[in-house]
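Comments concern the structure below.
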Amino acid sequence: MLRFKNSSLMALSIQIASTLVVLAFMIFQSFLTFSLFEWATLQGLLASLVSFLARMPLWWIPIHLLFLPLSIATLALDISPLWFLVLFMGMWLVYGKTYKTQVPLYLSSKHVPDALESLLPQNKNFSFIDVGSGCGGLLKNLAGIHKNGRFYGIEAAPIPFLISRLRNMLSVSGCQIVWGDFWQHDFSQYDVVYAYLSPVPMESLWQKARREMRPGSLLISNTFTIPGIEPYKSIPLNDFSNSTLYLWKI
Ligand SMILES: C[S@@+](CC[C@H](N)C(=O)[O-])C[C@H]1O[C@@H](n2cnc3c(N)ncnc32)[C@H](O)[C@@H]1O
């Protein structure tokens, strides 16, 4: 079996291969007379079976199952193709880099600022960066509470970055958010580095933190642990996804 480093590429290959198989079957046999939607459903079943056999994460199964049948059903709605282009561009500007970063956009819950309240310095100045700062909501909330902190963010996806910039302009929080890749950004100037990413980059994030962060500074990860490295503290957040903050002192 072919091995793919990137699960999106694998999913795309499964979709293409199962479509070709069903297409060939459609053309070269004469005993089955299915509608286009039924053929698409067959393709969905085949794609999800292959995904299961290839041991892709289970959440890919409903995606494979529904992708083509829903696409065919949507065509029947007679919606202008322009809307699909607009939707695609919007999705691309939010999620386009996920293919490379393996980190999609989802936001920290409102419980995070509360949990961080007692952890962040109360009486001395400190600097805090959210690596992959999304729409900037966490930074804005923290900056409103901790007047002794300087808050920074770096975000790779254009639309979330623009939203965070706009948010920042409309409030007086004074966070500094830049558009860019945090892997190219030096962590040494921060007392606290906060990350809410995915399981994929955690090992590399730890290597980068160890190389660049100052002794005594704090690395905080929402939800995702670093393989083989025990956090010195874990704080359950009691939010909708039952997430936990993990803390490592450098
Ligand atoms: C799970 S979201 C977290 C958003 C925000 N930090 C929060 O807690 O609400 C992760 C974000 O990291 C961004 N991201 C992923 N890799 C990145 C990179 N290498 N450089 C900058 N941003 C990145 C993604 O675009 C996404 O918006």
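As shown in the structure tokens, the chain order sets the letters A, B, ...; within each chain, residues go from 1, and ligands are also counted from 1 in the order they appear.
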With only C-alpha atoms and all ligand atoms counted, collect every polymer residue having an atom within 8 Å of ligand 1; state the result as a CSV table (one decimal) with N, CA and C atoms, in the first residue's frame.
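Dumped everything to out37.csv:
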chain,number,residue,atom,x,y,z
A,94,VAL,N,-8.9,30.9,4.8
A,94,VAL,CA,-8.9,30.5,6.2
A,94,VAL,C,-8.1,29.2,6.4
A,95,TYR,N,-8.4,28.2,5.5
A,95,TYR,CA,-7.9,26.9,5.8
A,95,TYR,C,-6.8,26.5,4.8
A,97,LYS,N,-3.7,27.0,4.2
A,97,LYS,CA,-2.4,26.5,4.6
A,97,LYS,C,-2.4,25.3,5.5
A,98,THR,N,-3.6,24.8,5.9
A,98,THR,CA,-3.7,23.7,6.7
A,98,THR,C,-3.0,22.5,6.1
A,101,THR,N,0.5,23.2,7.2
A,101,THR,CA,0.8,23.3,8.7
A,101,THR,C,0.2,22.1,9.5
A,102,GLN,N,-0.9,21.5,8.9
A,102,GLN,CA,-1.6,20.4,9.6
A,102,GLN,C,-2.3,21.0,10.9
A,103,VAL,N,-2.5,22.3,10.9
A,103,VAL,CA,-3.2,22.9,12.0
A,103,VAL,C,-4.4,23.7,11.5
A,104,PRO,N,-5.6,23.3,11.7
A,104,PRO,CA,-6.8,24.0,11.2
A,104,PRO,C,-7.1,25.1,12.2
A,105,LEU,N,-8.1,26.0,11.9
A,105,LEU,CA,-8.5,27.0,12.8
A,105,LEU,C,-9.6,26.5,13.7
A,106,TYR,N,-9.4,26.6,15.0
A,106,TYR,CA,-10.5,26.5,16.0
A,106,TYR,C,-10.1,27.3,17.1
A,107,LEU,N,-11.0,27.8,17.9
A,107,LEU,CA,-10.6,28.9,18.8
A,107,LEU,C,-10.6,28.4,20.3
A,108,SER,N,-9.7,29.0,21.0
A,108,SER,CA,-9.7,28.8,22.5
A,108,SER,C,-11.0,29.2,23.1
A,109,SER,N,-11.4,28.4,24.1
A,109,SER,CA,-12.7,28.8,24.8
A,109,SER,C,-12.5,30.0,25.7
A,130,ASP,N,0.9,34.4,21.3
A,130,ASP,CA,0.0,33.3,20.9
A,130,ASP,C,0.5,32.9,19.5
A,131,VAL,N,1.1,31.7,19.4
A,131,VAL,CA,1.6,31.3,18.1
A,131,VAL,C,0.5,30.6,17.3
A,132,GLY,N,0.2,31.2,16.2
A,132,GLY,CA,-1.0,30.8,15.5
A,132,GLY,C,-2.2,31.4,16.2
A,133,SER,N,-2.3,32.7,16.1
A,133,SER,CA,-3.2,33.5,17.0
A,133,SER,C,-4.7,33.5,16.5
A,134,GLY,N,-5.0,32.9,15.4
A,134,GLY,CA,-6.3,32.8,14.9
A,134,GLY,C,-6.9,34.2,14.7
A,135,CYS,N,-8.1,34.4,15.2
A,135,CYS,CA,-8.8,35.7,15.0
A,135,CYS,C,-8.5,36.7,16.1
A,136,GLY,N,-7.5,36.3,17.0
A,136,GLY,CA,-7.0,37.3,18.0
A,136,GLY,C,-7.9,37.4,19.2
A,137,GLY,N,-8.9,36.6,19.4
A,137,GLY,CA,-9.8,36.8,20.5
A,137,GLY,C,-9.2,36.5,21.8
A,138,LEU,N,-8.3,35.5,21.9
A,138,LEU,CA,-7.7,35.2,23.2
A,138,LEU,C,-6.8,36.4,23.6
A,154,ILE,N,1.0,35.8,16.1
A,154,ILE,CA,1.4,35.6,14.7
A,154,ILE,C,0.5,34.6,14.1
A,155,GLU,N,0.0,34.9,12.9
A,155,GLU,CA,-1.0,34.1,12.3
A,155,GLU,C,-0.7,33.9,10.8
A,156,ALA,N,-0.8,32.7,10.3
A,156,ALA,CA,-0.5,32.5,8.9
A,156,ALA,C,-1.7,32.6,7.9
A,157,ALA,N,-2.9,32.4,8.4
A,157,ALA,CA,-4.0,32.4,7.5
A,157,ALA,C,-4.6,33.9,7.3
A,160,PRO,N,-8.3,35.1,9.1
A,160,PRO,CA,-8.2,35.2,10.6
A,160,PRO,C,-7.3,36.4,11.0
A,179,TRP,N,1.3,38.9,10.4
A,179,TRP,CA,1.0,37.8,9.5
A,179,TRP,C,2.3,37.1,9.2
A,180,GLY,N,2.4,35.8,9.4
A,180,GLY,CA,3.6,35.1,9.2
A,180,GLY,C,3.6,33.7,9.7
A,181,ASP,N,4.8,33.1,9.6
A,181,ASP,CA,5.0,31.7,10.0
A,181,ASP,C,5.7,31.7,11.3
A,182,PHE,N,5.1,31.2,12.4
A,182,PHE,CA,5.8,31.2,13.7
A,182,PHE,C,7.1,30.4,13.7
A,183,TRP,N,7.2,29.4,12.8
A,183,TRP,CA,8.4,28.6,12.8
A,183,TRP,C,9.6,29.5,12.4
A,194,TYR,N,2.2,30.7,24.1
A,194,TYR,CA,0.9,29.9,24.1
A,194,TYR,C,0.7,29.3,22.8
A,195,ALA,N,0.3,28.0,22.7
A,195,ALA,CA,0.0,27.3,21.4
A,195,ALA,C,-1.2,26.5,21.6
A,196,TYR,N,-2.1,26.6,20.6
A,196,TYR,CA,-3.3,25.8,20.4
A,196,TYR,C,-3.2,25.3,19.0
A,197,LEU,N,-2.6,24.1,18.8
A,197,LEU,CA,-2.2,23.7,17.4
A,197,LEU,C,-2.9,22.4,17.1
A,198,SER,N,-2.1,21.3,17.0
A,198,SER,CA,-2.7,20.0,16.7
A,198,SER,C,-1.6,19.0,17.2
A,222,ASN,N,-2.6,24.3,24.7
A,222,ASN,CA,-4.0,24.0,24.9
A,222,ASN,C,-4.3,22.6,24.2
Might you pull out every residue within 12 Å of Phe84 in chain A, with only C-alpha atoms counted and same-chain residues fewer than 6 positions away left off, and present them as a PyMOL selection string?
chain A and resi 71+74-75+78+90-92
Taking the DSSP assignment computed from this structure's backbone, write out as an MDAnalysis selection string all residues of range 8-174 of chain A that belong to helix (DSSP H, G or I).
chainID A and resid 8:28 36:53 60:75 81:95 98:101 111:117 137:145 158:170
Residues just named, written with C-alpha atoms as a compact mmCIF listing (two decimals), in the first residue's frame:
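This is the output file part.txt:
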# COMPACT_ATOMS: atom_id res chain seq x y z
CA SER A 8 -5.06 15.37 2.77
CA LEU A 9 -3.06 13.98 -0.15
CA MET A 10 -4.08 10.49 0.80
CA ALA A 11 -7.75 11.48 1.03
CA LEU A 12 -7.55 13.18 -2.37
CA SER A 13 -5.96 10.05 -3.90
CA ILE A 14 -8.70 7.85 -2.40
CA GLN A 15 -11.39 10.14 -3.83
CA ILE A 16 -9.81 10.15 -7.30
CA ALA A 17 -9.17 6.39 -7.34
CA SER A 18 -12.68 5.46 -6.16
CA THR A 19 -14.25 7.88 -8.66
CA LEU A 20 -12.23 6.29 -11.49
CA VAL A 21 -13.23 2.78 -10.40
CA VAL A 22 -16.94 3.69 -10.24
CA LEU A 23 -16.67 5.59 -13.54
CA ALA A 24 -15.11 2.57 -15.25
CA PHE A 25 -17.81 0.34 -13.79
CA MET A 26 -20.49 2.77 -14.99
CA ILE A 27 -19.11 2.78 -18.55
CA PHE A 28 -18.22 -0.88 -19.04
CA LEU A 36 -26.04 9.76 -11.07
CA PHE A 37 -26.76 10.28 -7.37
CA GLU A 38 -26.79 6.51 -6.77
CA TRP A 39 -23.45 6.12 -8.57
CA ALA A 40 -22.08 8.92 -6.40
CA THR A 41 -23.36 7.11 -3.29
CA LEU A 42 -21.56 3.97 -4.46
CA GLN A 43 -18.37 6.01 -4.90
CA GLY A 44 -18.82 7.38 -1.36
CA LEU A 45 -19.19 3.86 0.04
CA LEU A 46 -16.11 2.65 -1.82
CA ALA A 47 -14.02 5.67 -0.78
CA SER A 48 -14.96 5.31 2.89
CA LEU A 49 -14.20 1.57 2.80
CA VAL A 50 -10.76 2.24 1.31
CA SER A 51 -10.19 4.99 3.88
CA PHE A 52 -11.04 2.52 6.66
CA LEU A 53 -8.79 -0.20 5.21
CA TRP A 60 -12.42 10.84 7.32
CA ILE A 61 -15.11 8.17 6.77
CA PRO A 62 -18.16 10.51 6.82
CA ILE A 63 -16.23 12.98 4.64
CA HIS A 64 -15.47 10.29 2.03
CA LEU A 65 -18.99 8.93 2.29
CA LEU A 66 -20.72 12.26 1.71
CA PHE A 67 -18.36 14.29 -0.47
CA LEU A 68 -19.46 13.22 -3.97
CA PRO A 69 -23.17 12.52 -3.20
CA LEU A 70 -23.50 15.97 -1.62
CA SER A 71 -21.63 17.60 -4.53
CA ILE A 72 -24.06 15.96 -7.00
CA ALA A 73 -27.09 16.90 -4.88
CA THR A 74 -25.87 20.53 -4.69
CA LEU A 75 -25.56 20.71 -8.49
CA PRO A 81 -21.04 28.94 -9.86
CA LEU A 82 -19.84 32.32 -8.64
CA TRP A 83 -21.03 31.48 -5.11
CA PHE A 84 -18.94 28.32 -5.13
CA LEU A 85 -15.92 30.35 -6.21
CA VAL A 86 -16.54 32.89 -3.42
CA LEU A 87 -17.00 30.09 -0.88
CA PHE A 88 -13.88 28.30 -2.10
CA MET A 89 -11.78 31.49 -1.93
CA GLY A 90 -13.09 32.21 1.59
CA MET A 91 -12.28 28.67 2.76
CA TRP A 92 -8.87 28.85 1.07
CA LEU A 93 -8.00 32.09 2.84
CA VAL A 94 -8.91 30.52 6.19
CA TYR A 95 -7.86 26.89 5.78
CA THR A 98 -3.73 23.66 6.74
CA TYR A 99 -2.47 21.37 4.01
CA LYS A 100 1.05 22.43 4.96
CA THR A 101 0.75 23.29 8.66
CA HIS A 111 -12.31 29.56 30.00
CA VAL A 112 -8.67 30.00 28.94
CA PRO A 113 -8.24 33.63 30.16
CA ASP A 114 -9.73 32.59 33.54
CA ALA A 115 -7.37 29.63 33.82
CA LEU A 116 -4.39 31.81 32.87
CA GLU A 117 -5.30 34.56 35.30
CA GLY A 137 -9.82 36.77 20.49
CA LEU A 138 -7.67 35.20 23.19
CA LEU A 139 -5.07 37.99 22.97
CA LYS A 140 -7.74 40.68 23.13
CA ASN A 141 -9.33 39.10 26.23
CA LEU A 142 -6.00 38.65 27.99
CA ALA A 143 -4.85 42.18 27.16
CA GLY A 144 -8.08 43.51 28.69
CA ILE A 145 -7.30 41.73 31.99
CA PRO A 158 -5.02 35.73 5.82
CA ILE A 159 -8.69 36.05 6.86
CA PRO A 160 -8.20 35.24 10.58
CA PHE A 161 -5.20 37.60 10.56
CA LEU A 162 -7.27 40.43 9.02
CA ILE A 163 -10.09 39.82 11.52
CA SER A 164 -7.63 40.02 14.41
CA ARG A 165 -6.10 43.23 13.02
CA LEU A 166 -9.56 44.77 12.62
CA ARG A 167 -10.54 43.70 16.13
CA ASN A 168 -7.38 45.24 17.45
CA MET A 169 -8.01 48.53 15.62
CA LEU A 170 -11.54 48.73 17.03
Please report the interatomic distance between CA of Gly96 in chain A and CA of Gln207 in chain A in Å with one decimal.
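These atoms are spaced 25.7 Å apart.
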